[in-house]
>>> print(open('start.txt').read())   # compact mmCIF, C-alpha atoms
# COMPACT_ATOMS: atom_id res chain seq x y z
CA MET A 1 0.00 0.00 0.00
CA GLN A 2 1.60 3.27 -1.05
CA GLY A 3 2.44 5.66 1.76
CA THR A 4 1.74 3.17 4.55
CA PRO A 5 3.94 3.89 7.54
CA ALA A 6 6.67 1.26 7.77
CA ALA A 7 7.61 -1.27 10.40
CA LEU A 8 9.52 0.14 13.32
CA PRO A 9 7.58 1.30 16.35
CA VAL A 10 9.05 4.63 17.31
CA ALA A 11 9.96 4.28 20.95
CA THR A 12 11.41 7.46 22.41
CA PRO A 13 11.15 7.42 26.19
CA LEU A 14 12.58 10.93 26.29
CA VAL A 15 10.51 13.21 24.03
CA LEU A 16 12.29 16.48 23.30
CA PRO A 17 11.17 19.41 21.16
CA HIS A 18 12.26 18.77 17.58
CA TRP A 19 14.80 21.62 17.66
CA THR A 20 16.71 20.33 20.72
CA ALA A 21 19.20 17.98 19.06
CA PRO A 22 20.17 20.33 16.19
CA VAL A 23 20.52 23.29 18.57
CA LEU A 24 22.85 21.28 20.83
CA ALA A 25 24.81 19.98 17.86
CA PHE A 26 25.23 23.34 16.17
CA ALA A 27 26.07 24.98 19.46
CA ALA A 28 29.01 22.57 19.51
CA PHE A 29 29.90 23.20 15.87
CA GLY A 30 29.65 26.95 16.38
CA ALA A 31 31.82 26.80 19.49
CA LEU A 32 34.47 24.90 17.53
CA VAL A 33 34.39 27.43 14.69
CA GLY A 34 34.60 30.25 17.22
CA TRP A 35 37.55 28.62 18.92
CA ARG A 36 39.35 28.31 15.59
CA MET A 37 38.75 32.02 14.96
CA GLY A 38 39.81 33.49 18.26
CA ALA A 39 41.05 30.72 20.60
CA SER A 40 39.21 32.34 23.51
CA PRO A 41 36.11 31.59 25.61
CA LEU A 42 34.52 34.75 24.18
CA SER A 43 34.94 33.69 20.54
CA SER A 44 33.74 30.18 21.40
CA GLY A 45 30.76 31.60 23.28
CA VAL A 46 29.74 33.79 20.36
CA GLY A 47 30.14 30.85 18.00
CA LEU A 48 28.04 28.70 20.31
CA ILE A 49 25.18 31.23 20.37
CA VAL A 50 25.30 31.82 16.60
CA GLY A 51 25.34 28.09 15.94
CA ALA A 52 22.40 27.47 18.27
CA ALA A 53 20.39 30.29 16.69
CA PHE A 54 21.20 29.01 13.20
CA ALA A 55 20.00 25.52 14.09
CA PHE A 56 16.82 26.81 15.75
CA GLY A 57 15.82 28.68 12.58
CA ALA A 58 16.98 25.86 10.33
CA THR A 59 14.79 23.33 12.14
CA TYR A 60 11.68 25.43 11.66
CA LEU A 61 12.61 25.91 8.00
CA LEU A 62 12.91 22.13 7.57
CA VAL A 63 9.61 21.43 9.32
CA GLY A 64 7.87 24.19 7.34
CA ALA A 65 9.15 22.89 4.00
CA ILE A 66 8.12 19.31 4.73
CA THR A 67 4.68 20.43 5.99
CA LEU A 68 4.16 22.46 2.80
CA ALA A 69 5.13 19.46 0.67
CA HIS A 70 2.80 17.12 2.61
CA PRO A 71 -0.42 19.09 3.28
CA GLY A 72 -2.27 15.93 4.30
CA LEU A 73 0.14 15.04 7.10
CA GLY A 74 -0.21 17.91 9.52
CA ARG A 75 2.45 19.88 11.35
CA ASP A 76 2.30 17.71 14.49
CA ALA A 77 3.19 14.56 12.56
CA VAL A 78 6.05 16.37 10.80
CA GLU A 79 7.39 17.74 14.08
CA GLU A 80 7.29 14.25 15.60
CA ALA A 81 9.17 12.90 12.58
CA ALA A 82 11.71 15.72 12.90
CA SER A 83 12.07 15.09 16.63
CA ASN A 84 13.13 11.47 15.92
CA GLY A 85 15.15 11.99 12.76
CA LEU A 86 17.16 15.01 13.91
CA LEU A 87 18.54 13.05 16.87
CA LEU A 88 20.94 11.53 14.35
CA ILE A 89 22.94 14.77 14.23
CA LEU A 90 24.14 14.27 17.81
CA PRO A 91 26.80 11.59 17.04
CA PHE A 92 28.35 13.91 14.48
CA ALA A 93 28.61 16.73 17.01
CA VAL A 94 30.23 14.44 19.58
CA LEU A 95 32.69 13.08 17.01
CA ALA A 96 33.49 16.62 15.83
CA LEU A 97 34.40 17.55 19.41
CA VAL A 98 36.59 14.44 19.68
CA ALA A 99 38.25 15.16 16.34
CA GLU A 100 38.99 18.82 17.09
CA LEU A 101 39.83 18.67 20.78
CA LEU A 102 41.52 15.25 20.99
CA LEU A 103 43.01 14.78 17.53
CA GLY A 104 43.55 18.42 16.57
CA TRP A 105 41.75 18.18 13.23
CA ASN A 106 40.18 21.20 11.54
CA ALA A 107 37.16 19.23 10.42
CA SER A 108 34.00 20.66 11.99
CA GLN A 109 32.66 21.63 8.54
CA THR A 110 32.96 18.02 7.38
CA PHE A 111 31.11 16.76 10.44
CA SER A 112 28.37 19.41 10.31
CA SER A 113 27.67 18.82 6.60
CA ALA A 114 27.58 15.04 6.93
CA GLY A 115 25.47 15.33 10.08
CA LEU A 116 22.93 17.61 8.44
CA MET A 117 22.56 15.36 5.40
CA THR A 118 22.20 12.20 7.51
CA ALA A 119 19.77 13.75 10.01
CA CYS A 120 17.57 15.34 7.35
CA GLY A 121 17.55 12.06 5.44
CA ALA A 122 16.40 10.31 8.60
CA VAL A 123 13.61 12.89 8.96
CA GLY A 124 12.53 11.99 5.43
CA VAL A 125 12.38 8.30 6.35
CA GLU A 126 10.32 9.14 9.46
CA VAL A 127 7.94 11.25 7.33
CA SER A 128 7.46 8.41 4.83
CA ARG A 129 6.70 6.05 7.74
CA ARG A 130 3.93 8.42 8.80
CA GLY A 131 2.28 8.37 5.40
CA GLY A 132 4.32 10.87 3.40
CA GLY A 133 4.98 10.22 -0.30
CA GLN A 134 8.24 8.29 -0.70
CA LEU A 135 9.87 10.52 -3.30
CA ARG A 136 8.80 13.81 -1.70
CA SER A 137 9.83 12.55 1.73
CA MET A 138 13.35 12.05 0.47
CA LEU A 139 13.75 14.96 -1.91
CA VAL A 140 12.46 17.82 0.26
CA PRO A 141 14.59 17.14 3.38
CA THR A 142 17.65 16.42 1.21
CA ALA A 143 17.23 19.70 -0.67
CA VAL A 144 16.82 21.61 2.61
CA ALA A 145 19.87 19.85 4.06
CA VAL A 146 22.03 20.83 1.08
CA ALA A 147 20.89 24.46 1.37
CA LEU A 148 21.49 24.55 5.14
CA ALA A 149 24.93 22.94 4.84
CA ALA A 150 25.91 25.51 2.21
CA ALA A 151 24.53 28.35 4.34
CA TRP A 152 26.49 27.18 7.40
CA MET A 153 29.64 26.82 5.38
CA ILE A 154 29.29 30.33 3.94
CA LEU A 155 28.43 31.81 7.35
CA SER A 156 31.38 30.23 9.16
CA THR A 157 33.84 30.94 6.34
CA PHE A 158 32.70 34.58 6.11
CA ALA A 159 32.98 34.98 9.88
CA ALA A 160 36.43 33.41 9.96
CA ALA A 161 37.64 35.71 7.16
CA ASN A 162 36.15 38.98 8.41
CA TRP A 163 35.70 38.81 12.18
CA LYS A 164 38.84 39.72 14.08
CA TRP A 165 39.12 38.96 17.80
CA MET B 1 12.79 -8.38 20.55
CA ALA B 2 11.85 -8.69 16.86
CA SER B 3 10.54 -5.74 14.89
CA THR B 4 7.00 -5.92 13.51
CA ALA B 5 6.95 -6.85 9.84
CA THR B 6 5.03 -4.42 7.65
CA VAL B 7 5.64 -2.64 4.39
CA ASP B 8 9.10 -1.12 4.25
CA PRO B 9 9.94 1.86 2.06
CA GLY B 10 12.97 0.00 0.77
CA THR B 11 11.17 -3.10 -0.64
CA SER B 12 8.88 -3.63 -3.60
CA PRO B 13 5.19 -3.45 -2.57
CA VAL B 14 4.40 -6.43 -4.83
CA ASP B 15 7.11 -8.61 -3.26
CA ALA B 16 6.14 -7.61 0.26
CA SER B 17 2.46 -8.41 -0.30
CA ALA B 18 3.33 -11.82 -1.82
CA GLY B 19 4.77 -12.80 1.56
CA VAL B 20 7.81 -14.54 0.05
CA ALA B 21 11.46 -13.53 0.03
CA PRO B 22 11.86 -11.29 -3.03
CA ALA B 23 14.29 -12.43 -5.71
CA ARG B 24 16.94 -9.75 -6.00
CA THR B 25 18.64 -9.04 -9.31
CA ARG B 26 21.97 -7.25 -9.70
CA PRO B 27 20.25 -4.00 -10.78
CA ASP B 28 18.09 -4.19 -7.60
CA GLN B 29 21.21 -4.55 -5.49
CA ILE B 30 23.02 -1.70 -7.24
CA LYS B 31 19.93 0.50 -6.83
CA ALA B 32 19.76 -0.46 -3.15
CA ALA B 33 23.43 0.37 -2.68
CA LEU B 34 22.68 3.89 -3.94
CA LEU B 35 19.40 4.07 -2.00
CA ILE B 36 21.47 3.62 1.17
CA PHE B 37 22.32 7.32 0.97
CA VAL B 38 18.71 8.38 1.65
CA ASN B 39 17.01 5.35 3.17
CA PRO B 40 19.67 3.18 4.79
CA GLY B 41 17.27 1.06 6.84
CA GLY B 42 15.16 0.18 3.83
CA ALA B 43 18.15 -0.60 1.63
CA LEU B 44 19.79 -2.86 4.21
CA LYS B 45 16.57 -4.77 4.84
CA GLY B 46 15.76 -5.08 1.13
CA ALA B 47 17.97 -6.08 -1.77
CA LEU B 48 21.22 -5.78 0.16
CA SER B 49 20.15 -8.42 2.71
CA GLN B 50 20.81 -11.10 0.06
CA ILE B 51 24.48 -10.23 -0.40
CA PRO B 52 26.97 -12.74 1.10
CA VAL B 53 28.82 -11.40 4.11
CA GLN B 54 32.17 -11.96 2.38
CA ILE B 55 31.15 -9.63 -0.45
CA ALA B 56 29.86 -7.12 2.08
CA LEU B 57 33.20 -7.11 3.90
CA GLY B 58 34.86 -6.71 0.51
CA VAL B 59 32.93 -3.46 0.05
CA SER B 60 34.10 -2.03 3.37
CA GLY B 61 37.61 -3.39 2.77
CA VAL B 62 37.93 -1.60 -0.56
CA ALA B 63 36.39 1.57 0.91
CA PHE B 64 38.94 1.73 3.71
CA GLY B 65 41.74 0.65 1.40
CA LEU B 66 41.05 3.63 -0.86
CA PHE B 67 40.59 5.90 2.18
CA PHE B 68 43.95 4.91 3.66
CA LEU B 69 45.53 5.18 0.19
CA GLN B 70 44.39 8.80 0.00
CA THR B 71 45.86 9.37 3.46
CA GLY B 72 49.19 7.98 2.28
CA LEU B 73 49.18 10.07 -0.89
CA ASP B 74 48.36 13.23 1.09
CA LEU B 75 51.14 12.55 3.59
CA ALA B 76 53.64 11.79 0.82
CA ARG B 77 52.65 15.01 -0.94
CA VAL B 78 53.63 17.10 2.11
CA GLY B 79 56.78 15.08 2.73
CA ALA B 80 55.63 13.36 5.92
CA GLN B 81 56.12 9.70 6.84
CA THR B 82 53.42 7.76 5.05
CA LEU B 83 53.13 4.92 7.55
CA PRO B 84 54.39 6.47 10.77
CA ARG B 85 53.22 3.55 12.96
CA PHE B 86 55.72 1.34 11.13
CA ALA B 87 58.28 4.08 10.47
CA MET B 88 57.82 3.77 6.71
CA SER B 89 58.03 6.52 4.12
CA GLY B 90 57.57 7.07 0.42
CA ASN B 91 55.89 4.62 -1.93
CA ALA B 92 56.41 1.61 0.33
CA GLY B 93 54.56 3.45 3.07
CA VAL B 94 51.71 4.41 0.72
CA VAL B 95 51.25 0.79 -0.39
CA GLY B 96 51.56 -0.45 3.18
CA LEU B 97 48.96 2.05 4.34
CA CYS B 98 46.57 0.97 1.58
CA LEU B 99 46.94 -2.70 2.58
CA LEU B 100 46.47 -1.74 6.22
CA GLY B 101 43.26 -0.02 5.18
CA VAL B 102 41.97 -3.17 3.49
CA VAL B 103 42.67 -5.16 6.67
CA TYR B 104 41.02 -2.41 8.76
CA GLY B 105 37.99 -2.39 6.50
CA THR B 106 37.50 -6.16 6.63
CA LEU B 107 38.68 -7.44 10.01
CA GLY B 108 38.11 -4.12 11.73
CA VAL B 109 34.56 -3.69 10.45
CA ALA B 110 33.79 -7.34 11.25
CA LEU B 111 35.03 -6.68 14.79
CA LEU B 112 32.90 -3.53 14.97
CA GLY B 113 29.82 -5.48 13.92
CA THR B 114 30.63 -8.17 16.47
CA ILE B 115 30.95 -5.57 19.24
CA ALA B 116 27.58 -4.11 18.23
CA TRP B 117 26.02 -7.60 18.18
CA LEU B 118 27.39 -8.35 21.66
CA ALA B 119 26.36 -4.94 23.04
CA THR B 120 22.77 -5.29 21.80
CA ARG B 121 22.24 -8.86 23.11
CA PRO B 122 21.38 -7.69 26.66
CA LEU B 123 18.95 -5.16 25.15
CA GLY B 124 16.91 -7.88 23.45
CA ALA B 125 18.30 -7.86 19.92
CA THR B 126 17.71 -11.02 17.89
CA LEU B 127 19.52 -10.29 14.61
CA THR B 128 22.16 -12.90 13.80
CA LEU B 129 25.87 -12.10 13.95
CA GLU B 130 26.20 -12.66 10.19
CA ALA B 131 23.35 -10.27 9.38
CA THR B 132 24.79 -7.65 11.75
CA VAL B 133 28.27 -7.82 10.24
CA ARG B 134 26.78 -7.73 6.71
CA ALA B 135 24.71 -4.64 7.55
CA PHE B 136 27.65 -2.86 9.14
CA ALA B 137 29.93 -3.68 6.20
CA LEU B 138 27.40 -2.60 3.57
CA GLY B 139 26.87 0.62 5.49
CA TYR B 140 30.21 1.65 4.03
CA CYS B 141 28.79 1.75 0.48
CA PRO B 142 28.68 5.57 0.67
CA ALA B 143 32.25 5.54 1.95
CA LEU B 144 33.26 3.50 -1.12
CA VAL B 145 31.59 6.03 -3.42
CA TYR B 146 33.26 8.97 -1.68
CA ALA B 147 36.62 7.20 -1.61
CA ALA B 148 36.41 6.43 -5.33
CA PHE B 149 35.69 10.10 -6.13
CA GLY B 150 38.40 11.17 -3.74
CA ILE B 151 41.10 8.99 -5.27
CA VAL B 152 40.28 10.35 -8.73
CA MET B 153 40.59 13.96 -7.45
CA ASN B 154 43.74 13.10 -5.55
CA VAL B 155 45.54 11.50 -8.48
CA ALA B 156 44.17 13.67 -11.31
CA PHE B 157 44.36 17.09 -9.63
CA GLY B 158 46.78 16.59 -6.75
CA TRP B 159 44.21 17.55 -4.12
CA ASN B 160 44.58 16.45 -0.49
CA THR B 161 41.38 14.43 -0.18
CA ALA B 162 41.70 12.20 2.89
CA LEU B 163 39.74 14.59 5.11
CA ALA B 164 37.21 15.94 2.60
CA PHE B 165 36.36 12.66 0.88
CA GLY B 166 37.71 9.92 3.14
CA VAL B 167 36.43 11.09 6.52
CA THR B 168 33.15 12.29 4.95
CA GLY B 169 32.56 8.83 3.54
CA VAL B 170 33.24 7.20 6.90
CA LEU B 171 30.85 9.65 8.57
CA TRP B 172 28.13 8.73 6.06
CA ALA B 173 28.33 5.19 7.42
CA LEU B 174 26.85 6.41 10.70
CA GLY B 175 23.38 6.68 9.13
CA PRO B 176 23.19 3.01 8.06
CA MET B 177 24.83 2.03 11.35
CA ILE B 178 22.10 3.76 13.36
CA ALA B 179 19.42 2.28 11.09
CA THR B 180 20.86 -1.23 11.69
CA LEU B 181 21.05 -0.67 15.44
CA ARG B 182 17.46 0.60 15.50
CA GLU B 183 16.37 -2.49 13.61
CA MET B 184 18.19 -4.66 16.14
CA LEU B 185 16.74 -2.80 19.12
CA GLY B 186 13.11 -2.73 18.02
CA GLY B 187 13.07 0.94 17.03
CA GLN B 188 14.70 2.45 20.09
CA ILE B 189 16.50 5.61 18.98
CA TRP B 190 18.49 6.72 22.01
CA PRO B 191 20.42 3.44 22.55
CA SER B 192 21.06 3.35 18.79
CA VAL B 193 22.41 6.91 18.74
CA ILE B 194 24.64 6.32 21.79
CA LEU B 195 26.02 3.02 20.46
CA ALA B 196 26.61 4.50 16.99
CA THR B 197 28.51 7.41 18.55
CA ILE B 198 30.80 5.01 20.41
CA LEU B 199 31.34 2.75 17.39
CA GLY B 200 31.85 5.70 15.03
CA GLY B 201 34.35 7.16 17.46
CA LEU B 202 36.25 3.86 17.59
CA THR B 203 36.41 3.84 13.78
CA LEU B 204 37.81 7.36 13.55
CA LEU B 205 40.23 6.91 16.43
CA GLY B 206 41.46 3.68 14.83
CA TRP B 207 42.18 5.50 11.58
CA ALA B 208 43.85 8.34 13.44
CA TYR B 209 46.05 5.89 15.36
CA LEU B 210 47.04 3.77 12.38
CA GLY B 211 47.18 6.26 9.57
CA THR B 212 48.45 9.57 10.91
>>> encode(input="start.txt", output="structure tokens")
Amino acid sequence: MQGTPAALPVATPLVLPHWTAPVLAFAAFGALVGWRMGASPLSSGVGLIVGAAFAFGATYLLVGAITLAHPGLGRDAVEEAASNGLLLILPFAVLALVAELLLGWNASQTFSSAGLMTACGAVGVEVSRRGGGQLRSMLVPTAVAVALAAAWMILSTFAAANWKW
Amino acid sequence: MASTATVDPGTSPVDASAGVAPARTRPDQIKAALLIFVNPGGALKGALSQIPVQIALGVSGVAFGLFFLQTGLDLARVGAQTLPRFAMSGNAGVVGLCLLGVVYGTLGVALLGTIAWLATRPLGATLTLEATVRAFALGYCPALVYAAFGIVMNVAFGWNTALAFGVTGVLWALGPMIATLREMLGGQIWPSVILATILGGLTLLGWAYLGT
């Protein structure tokens, strides 16, 4: 049956607002970018706040786009799907912290881009499980993820080039 | 704890409704390998579930072999030791690093799958060890694609690609890994995310220890 929600029962004992995981993750990414720029708690703090704000807006953009593309689903169902799918960005944030702080890599962009694509893809799978069209469920979140990854890359590169601490 | 069987976005509706194991052709498997980018759970439960575990480990072995090869080429380009763990430099080090990557991608990924299988037993998982290792190994299909692109850019244009293409490909394996763990744990997200973070961290730390 087309559009039938798929198998897995979604068991989340801890139900967080859908923006929680991305805000935490991008707070970490932003703090890392800020640290690279100024190597001070102030620059990290500013990066943390900017990253968190970026993620907060990005999450609502993602949910809005998916809701527009699936008028029959309803915003609540999309937010629930986003709440589950966006959890997948957390491993990337943790690994980015390990890579930068423990291994000394300059790789937060790599982790944030891959994390965004994976998490938004997972949101698409969750939407299709709740009755969303298969193709739209994959295309819309992927397109939003590409745009957000590009926007974050431009924002952090611009800040690094022009903001002196 | 087995997951409830219903229609899966990754399988054919006709095959699923017939109630028999769907026959998978090579084009189905190639399509599933690409589908893993956007629907890893569906791809791993569908056409890719028919692939022998040896072939699956071959995929991850080649992916890591190419990843480590890019690392060696990047290090050689900047004049660093190419296999510092074994105090090797130059072309011998590049070849050695590539072979080390193949071993890491086969035995290492098999070990990773085994650790995941053991860790999920107490949580009620019922997937077999073979299916777990196969799913983990095939999760590196995106890594193979990225590594293939990366090696072309590295050799043709002289770019340093280990971080941009190699690490990105390995990170893409986290999605299928989490999907596999969710399947094993009956849909539970938080244990899957935590386990995937630990296993992903082990993978990256292993590369950092061996290859840099």
>>> closest_residue(input="start.txt", among="B:Ala208, B:Ala43, B:Ile189, B:Leu171", to="Ser112 of chain A", atoms="all atoms listed in the file")
B:Leu171
>>> closest_residue(input="start.txt", among="A:Ile89, A:Ala96, A:Ala114, A:Ala53", to="Thr168 of chain B", atoms="all atoms listed in the file")
A:Ala114
>>> closest_residue(input="start.txt", among="A:Arg136, A:Arg36, A:His18, A:Arg129", to="chain B", atoms="all atoms listed in the file")
A:Arg129
>>> closest_residue(input="start.txt", among="A:Leu87, A:Ala160, A:Ala150, A:Val140", to="Thr197 of chain B", atoms="all atoms listed in the file")
A:Leu87
>>> closest_residue(input="start.txt", among="B:Val95, B:Leu195, B:Ala173, B:Val53", to="Thr132 of chain B", atoms="all atoms listed in the file")
B:Val53
>>> atom_distance(input="start.txt", atom1="atom CA of Val63 of chain A", atom2="atom CA of Ala27 of chain A")
19.7 Å
>>> residues_around(input="start.txt", residues="Arg77 of chain B", least_positions_apart="4", cutoff="9 Å", atoms="all atoms listed in the file", output="PyMOL selection string")
chain B and resi 72-73+158+160
>>> residues_around(input="start.txt", residues="Ala52 of chain A", least_positions_apart="3", cutoff="8 Å", atoms="all atoms listed in the file", output="list in words")
Pro22, Val23, Leu24, Ala25, Phe26, Ala27, Gly30, Leu48, Ile49, Ala55 and Phe56 of chain A
>>> atom_distance(input="start.txt", atom1="atom CA of Pro52 of chain B", atom2="atom CA of Leu69 of chain B")
25.8 Å
>>> closest_residue(input="start.txt", among="B:Gly139, B:Thr120, B:Gly93, B:Gly42", to="chain A", atoms="all atoms listed in the file")
B:Gly42
>>> atom_distance(input="start.txt", atom1="atom CA of Ala82 of chain A", atom2="atom CA of Gly187 of chain B")
15.4 Å
>>> residues_near_point(input="start.txt", point="(31.4, 8.7, 3.6)", cutoff="8 Å", atoms="all atoms listed in the file", output="PyMOL selection string")
chain B and resi 140+142-147+165-173
